[in-house]
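Source file entry-v7.cif; content: mmCIF, C-alpha atoms.
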data_upload
#
loop_
_atom_site.label_atom_id
_atom_site.label_comp_id
_atom_site.auth_asym_id
_atom_site.auth_seq_id
_atom_site.Cartn_x
_atom_site.Cartn_y
_atom_site.Cartn_z
CA MET A 3 0.00 0.00 0.00
CA LYS A 4 1.49 3.32 -1.11
CA THR A 5 0.08 5.17 1.90
CA PHE A 6 2.00 2.97 4.35
CA THR A 7 5.30 3.60 2.55
CA ILE A 8 4.70 7.35 2.79
CA PHE A 9 3.66 7.02 6.42
CA GLU A 10 6.76 5.01 7.34
CA SER A 11 9.02 7.65 5.77
CA HIS A 12 7.71 10.18 8.33
CA LEU A 13 8.49 8.00 11.34
CA PRO A 14 11.60 8.54 13.47
CA ALA A 15 14.06 5.65 13.61
CA ASN A 16 12.88 4.31 16.98
CA LEU A 17 9.27 3.98 15.76
CA ARG A 18 10.34 2.35 12.49
CA GLN A 19 12.11 -0.17 14.70
CA THR A 20 8.88 -0.68 16.68
CA LEU A 21 7.08 -1.57 13.45
CA LYS A 22 9.52 -4.40 12.76
CA GLY A 23 8.08 -6.26 15.76
CA ILE A 24 4.53 -6.18 14.34
CA ARG A 25 4.11 -9.41 12.39
CA SER A 26 0.46 -10.38 12.90
CA PRO A 27 -2.96 -8.83 13.55
CA PHE A 28 -2.60 -9.80 17.20
CA ASP A 29 0.68 -7.86 17.34
CA VAL A 30 -1.22 -4.84 16.01
CA GLN A 31 -3.77 -5.30 18.79
CA GLU A 32 -1.07 -5.61 21.43
CA TYR A 33 0.55 -2.43 20.17
CA LEU A 34 -2.75 -0.55 20.45
CA TYR A 35 -3.28 -1.83 23.97
CA SER A 36 0.23 -0.74 24.96
CA MET A 37 -0.92 2.87 24.50
CA PRO A 38 -3.03 4.71 27.08
CA TYR A 39 -6.64 5.28 26.04
CA ASN A 40 -7.36 8.99 25.62
CA ALA A 41 -10.79 10.23 24.52
CA GLU A 42 -9.97 13.94 24.53
CA ASN A 43 -11.63 16.03 21.83
CA ARG A 44 -8.83 15.47 19.32
CA ASP A 45 -8.56 12.95 16.49
CA ARG A 46 -4.90 12.33 15.76
CA SER A 47 -3.35 11.22 12.51
CA PRO A 48 -1.75 7.76 12.64
CA LEU A 49 1.65 9.47 12.80
CA ASN A 50 0.64 11.55 15.82
CA VAL A 51 -0.87 8.50 17.51
CA MET A 52 2.54 6.86 17.39
CA LEU A 53 4.46 10.02 18.30
CA ASP A 54 2.16 10.82 21.25
CA ASN A 55 1.76 7.15 22.22
CA GLN A 56 -1.96 7.52 22.97
CA CYS A 57 -5.21 7.03 21.10
CA HIS A 58 -8.93 6.32 21.19
CA CYS A 59 -11.02 3.99 19.04
CA LEU A 60 -11.16 6.26 15.97
CA ASP A 61 -7.54 7.29 15.52
CA GLY A 62 -6.31 3.99 16.96
CA GLY A 63 -8.53 2.12 14.50
CA PHE A 64 -7.14 3.99 11.52
CA LEU A 65 -3.60 3.34 12.68
CA ALA A 66 -4.49 -0.34 13.04
CA ALA A 67 -5.80 -0.47 9.46
CA LEU A 68 -2.57 1.11 8.25
CA LEU A 69 -0.47 -1.42 10.18
CA LEU A 70 -2.60 -4.28 8.83
CA SER A 71 -1.82 -3.03 5.32
CA LYS A 72 1.88 -3.44 6.19
CA LEU A 73 1.10 -7.13 6.76
CA GLY A 74 -0.61 -7.49 3.39
CA TYR A 75 -4.26 -7.04 4.41
CA LYS A 76 -6.62 -4.53 2.86
CA PRO A 77 -6.88 -1.42 5.07
CA LEU A 78 -10.59 -1.74 5.88
CA ILE A 79 -12.41 0.30 8.52
CA LEU A 80 -15.93 -0.30 9.85
CA ASP A 81 -17.98 1.66 12.38
CA ILE A 82 -20.38 0.05 14.86
CA VAL A 83 -22.92 2.50 16.19
CA PRO A 84 -25.54 3.11 18.92
CA ASP A 85 -28.65 5.23 18.58
CA PRO A 86 -27.61 8.90 18.67
CA GLY A 87 -27.03 10.17 22.19
CA MET A 88 -26.89 6.71 23.80
CA ASP A 89 -23.18 5.98 23.64
CA ASP A 90 -20.00 6.40 21.60
CA ASP A 91 -19.64 4.57 18.33
CA HIS A 92 -16.72 2.15 17.96
CA VAL A 93 -14.24 1.69 15.10
CA LEU A 94 -13.00 -1.70 13.90
CA ALA A 95 -10.02 -2.34 11.63
CA LEU A 96 -10.92 -5.46 9.69
CA TYR A 97 -8.81 -8.30 8.35
CA GLN A 98 -9.70 -11.50 6.52
CA LEU A 99 -8.04 -14.93 6.47
CA ASP A 100 -9.33 -17.95 4.53
CA GLY A 101 -12.53 -16.06 3.79
CA ARG A 102 -13.27 -15.37 7.47
CA TRP A 103 -13.38 -11.99 9.17
CA GLY A 104 -11.54 -10.76 12.25
CA ALA A 105 -10.99 -7.34 13.79
CA VAL A 106 -8.54 -5.15 15.67
CA ALA A 107 -9.79 -2.24 17.80
CA LYS A 108 -8.73 0.17 20.51
CA SER A 109 -11.20 0.37 23.39
CA ASN A 110 -11.53 1.52 26.96
CA TYR A 111 -13.69 -1.56 27.62
CA VAL A 112 -12.48 -5.11 28.14
CA GLN A 113 -14.33 -7.00 25.40
CA LEU A 114 -14.52 -4.48 22.55
CA GLY A 115 -11.11 -5.20 21.05
CA PHE A 116 -9.59 -8.13 19.13
CA ARG A 117 -11.57 -10.77 17.25
CA GLU A 118 -10.09 -13.91 15.69
CA PRO A 119 -10.71 -14.40 11.93
CA VAL A 120 -13.42 -17.04 12.31
CA TYR A 121 -16.59 -15.15 11.28
CA LYS A 122 -18.32 -15.85 7.98
CA SER A 123 -19.86 -12.41 7.53
CA LEU A 124 -19.39 -8.89 8.79
CA ARG A 125 -22.76 -9.01 10.51
CA GLU A 126 -21.72 -12.17 12.35
CA LEU A 127 -18.50 -10.46 13.43
CA VAL A 128 -20.26 -7.29 14.57
CA MET A 129 -22.83 -9.21 16.61
CA THR A 130 -20.03 -10.60 18.79
CA TYR A 131 -19.79 -7.07 20.24
CA PHE A 132 -23.51 -6.81 21.04
CA GLU A 133 -23.62 -8.12 24.62
CA HIS A 134 -20.41 -6.26 25.51
CA TYR A 135 -21.45 -2.88 24.09
CA VAL A 136 -22.91 -1.37 27.26
CA SER A 137 -23.41 2.18 28.52
CA VAL A 138 -22.85 3.63 31.97
CA ASN A 139 -26.63 3.33 32.34
CA ARG A 140 -26.21 -0.44 31.97
CA GLU A 141 -28.02 -0.57 28.67
CA LYS A 142 -27.05 -2.63 25.61
CA THR A 143 -26.55 0.12 23.08
CA LEU A 144 -25.27 -1.41 19.82
CA ARG A 145 -27.73 -0.76 16.97
CA GLY A 146 -25.94 -0.87 13.62
CA TYR A 147 -22.79 -0.96 11.55
CA THR A 148 -21.46 0.64 8.39
CA ARG A 149 -20.12 -1.00 5.26
CA PRO A 150 -16.31 -1.16 5.26
CA LEU A 151 -14.31 1.79 3.97
CA ASP A 152 -11.26 0.72 1.96
CA LEU A 153 -8.58 3.28 2.80
CA ALA A 154 -6.46 2.19 -0.19
CA ARG A 155 -9.07 3.83 -2.44
CA TYR A 156 -8.86 7.20 -0.70
CA PRO A 157 -6.92 9.48 -3.10
CA ASP A 158 -5.34 11.80 -0.48
CA THR A 159 -2.52 9.76 1.05
CA THR A 160 -1.46 12.57 3.39
CA TRP A 161 -4.02 11.47 6.04
CA SER A 162 -1.49 9.05 7.51
CA TYR A 163 0.78 11.84 8.74
CA ASP A 164 -1.14 15.13 8.40
CA GLU A 165 -3.77 15.73 11.08
CA PRO A 166 -6.08 18.09 9.12
CA ALA A 167 -6.08 15.60 6.23
CA ALA A 168 -6.80 12.77 8.67
CA ASN A 169 -9.74 14.68 10.09
CA ARG A 170 -11.19 15.22 6.61
CA LEU A 171 -11.06 11.46 6.11
CA TYR A 172 -12.55 10.77 9.54
CA LYS A 173 -15.43 13.13 8.74
CA ARG A 174 -16.07 11.30 5.48
CA PHE A 175 -15.98 7.99 7.35
CA TYR A 176 -18.58 9.18 9.86
CA MET A 177 -20.98 10.16 7.06
CA ARG A 178 -21.58 6.52 6.08
CA LYS A 179 -25.11 5.32 6.71
CA PRO A 180 -25.37 2.41 9.19
CA ILE A 181 -27.09 -0.89 8.52
CA PRO A 182 -29.53 -1.71 11.37
CA LEU A 183 -28.79 -4.77 13.51
CA ILE A 184 -32.05 -4.90 15.47
CA THR A 185 -35.54 -3.46 15.15
CA ALA A 186 -37.05 -0.81 17.40
CA SER A 187 -39.28 -3.42 19.07
CA MET A 188 -36.24 -5.61 19.77
CA ALA A 189 -34.48 -2.63 21.32
CA ARG A 190 -37.42 -1.97 23.64
CA ARG A 191 -37.31 -5.57 24.87
CA LEU A 192 -33.61 -5.60 25.75
CA SER A 193 -32.82 -6.57 29.32
CA PRO A 194 -30.67 -4.32 31.53
CA VAL A 195 -27.06 -5.30 32.13
CA ARG A 196 -26.56 -6.91 35.55
CA GLU A 197 -24.22 -5.13 37.93
CA ASN A 198 -21.68 -7.95 38.08
CA ILE A 199 -21.56 -8.14 34.28
CA PHE A 200 -21.11 -4.37 34.02
CA LYS A 201 -18.21 -4.60 36.47
CA ALA A 202 -16.63 -7.34 34.35
CA GLU A 203 -17.08 -5.35 31.13
CA THR A 204 -15.44 -2.28 32.69
CA LEU A 205 -12.59 -4.04 34.51
CA GLY A 206 -9.62 -1.70 34.25
CA THR A 207 -11.66 0.95 32.42
CA ASP A 208 -10.74 4.58 32.98
CA MET A 209 -14.26 5.84 33.70
CA SER A 210 -13.20 9.47 33.30
CA TRP A 211 -13.05 8.83 29.52
CA VAL A 212 -16.44 7.05 29.26
CA PHE A 213 -19.42 8.50 27.38
CA GLY A 214 -21.85 10.07 29.82
CA ILE A 215 -19.11 10.80 32.38
CA ARG A 216 -16.26 12.54 30.57
CA GLU A 217 -16.27 16.28 29.98
CA GLU A 218 -17.15 17.13 26.39
#
In structure tokens, what does this structure look like?
Amino acid sequence: MKTFTIFESHLPANLRQTLKGIRSPFDVQEYLYSMPYNAENRDRSPLNVMLDNQCHCLDGGFLAALLLSKLGYKPLILDIVPDPGMDDDHVLALYQLDGRWGAVAKSNYVQLGFREPVYKSLRELVMTYFEHYVSVNREKTLRGYTRPLDLARYPDTTWSYDEPAANRLYKRFYMRKPIPLITASMARRLSPVRENIFKAETLGTDMSWVFGIREE
């Protein structure tokens, strides 16, 4: 992927050395989890994610897609979304092996990250996040997902290192219309999340960065 070559040329020597240790999708996930989660009102370019060593699901997800392209995968990004005002959305960097889908993601929650490439369809993959996608109000909030965006088809390759260009791409990404996962009647019937399950889902979570608690 041309974009990755350009991106790598902007990295300092120590970070180019870091990339040499990333040899699998799981390595990409481990690298994301080595960074502190930071949901401040800033969406970094992939370069600034690595330079600042911090990220959230959006800028971390785009970096993950770029790193997956280094490994020979298509740089595909997908958004899973709640109803507006219920929760944050969540960005997945996709990869495919033997016709099955997996994902890499940066999250402040325990179970919203890595998925093995064992899922036949994107819907099947996305539904594995359903029971874990919970709000501070202990509601199950996942409602839909977007079709994948192939970053290799985006003509402006500067997004990998230039933050204004990255934000133009992120804005375009967020304009994609979601595909519903459940109906309105299904949503009304959803059970609340039990307290012990909520505690498990948020084990190690920095609650100061969580939707509904953090300062906007």
Of the candidates A:Leu69, A:Met37, A:Ala107, A:Leu124, which shows the shortest atom-to-atom distance to A:Glu10, using all atoms listed in the file? A:Leu69
Find the residue from A:Ser210, A:Ser47, A:Asn55, A:Ser71 that sits nearest to A:Pro27; use all atoms listed in the file when measuring.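 Looking at the shortest contact to A:Pro27, the residue is A:Ser71.
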Write out as a VMD selection string which residues come within 12 Å of A:Glu42 when counting only C-alpha atoms, dropping same-chain ones fewer than 6 positions away. chain A and resid 56 to 61 210 to 213 216 to 218
Please, could you write that set of residues out with C-alpha atoms as a PDB file, in the coordinates of the input?
ATOM      1  CA  GLN A  56      -1.960   7.520  22.970  1.00  0.00           C
ATOM      2  CA  CYS A  57      -5.210   7.030  21.100  1.00  0.00           C
ATOM      3  CA  HIS A  58      -8.930   6.320  21.190  1.00  0.00           C
ATOM      4  CA  CYS A  59     -11.020   3.990  19.040  1.00  0.00           C
ATOM      5  CA  LEU A  60     -11.160   6.260  15.970  1.00  0.00           C
ATOM      6  CA  ASP A  61      -7.540   7.290  15.520  1.00  0.00           C
ATOM      7  CA  SER A 210     -13.200   9.470  33.300  1.00  0.00           C
ATOM      8  CA  TRP A 211     -13.050   8.830  29.520  1.00  0.00           C
ATOM      9  CA  VAL A 212     -16.440   7.050  29.260  1.00  0.00           C
ATOM     10  CA  PHE A 213     -19.420   8.500  27.380  1.00  0.00           C
ATOM     11  CA  ARG A 216     -16.260  12.540  30.570  1.00  0.00           C
ATOM     12  CA  GLU A 217     -16.270  16.280  29.980  1.00  0.00           C
ATOM     13  CA  GLU A 218     -17.150  17.130  26.390  1.00  0.00           C
TER      14      GLU A 218
END
Can you give me, as a VMD selection string, the residues this file yields under the PyMOL selection byres ((chain A and resi 83-98) around 8)? chain A and resid 27 59 to 60 63 to 64 66 to 67 70 75 to 82 99 to 109 119 137 143 to 147 180 213 to 214
I would like the residues chosen by the PyMOL selection byres ((chain A and resi 167) around 12) on the shown file; could you give them as an MDAnalysis selection string? chainID A and resid 45:49 156:166 168:174
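For the structure shown here, the set of residues caught by the PyMOL selection byres ((chain A and resi 112) around 9) is Ser109, Asn110, Tyr111, Gln113, Leu114, Gly115, His134, Ala202, Glu203, Thr204, Leu205, Gly206 and Thr207 of chain A.
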Which residue out of A:Arg125, A:Lys4, A:Arg44, A:Arg196 has the minimum interatomic distance to A:Glu141 when all atoms listed in the file are used?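 Looking at the shortest contact to A:Glu141, the residue is A:Arg196.
Take atom CA of A:Arg18 and atom CA of A:Leu53: the distance between them is 11.3 Å.
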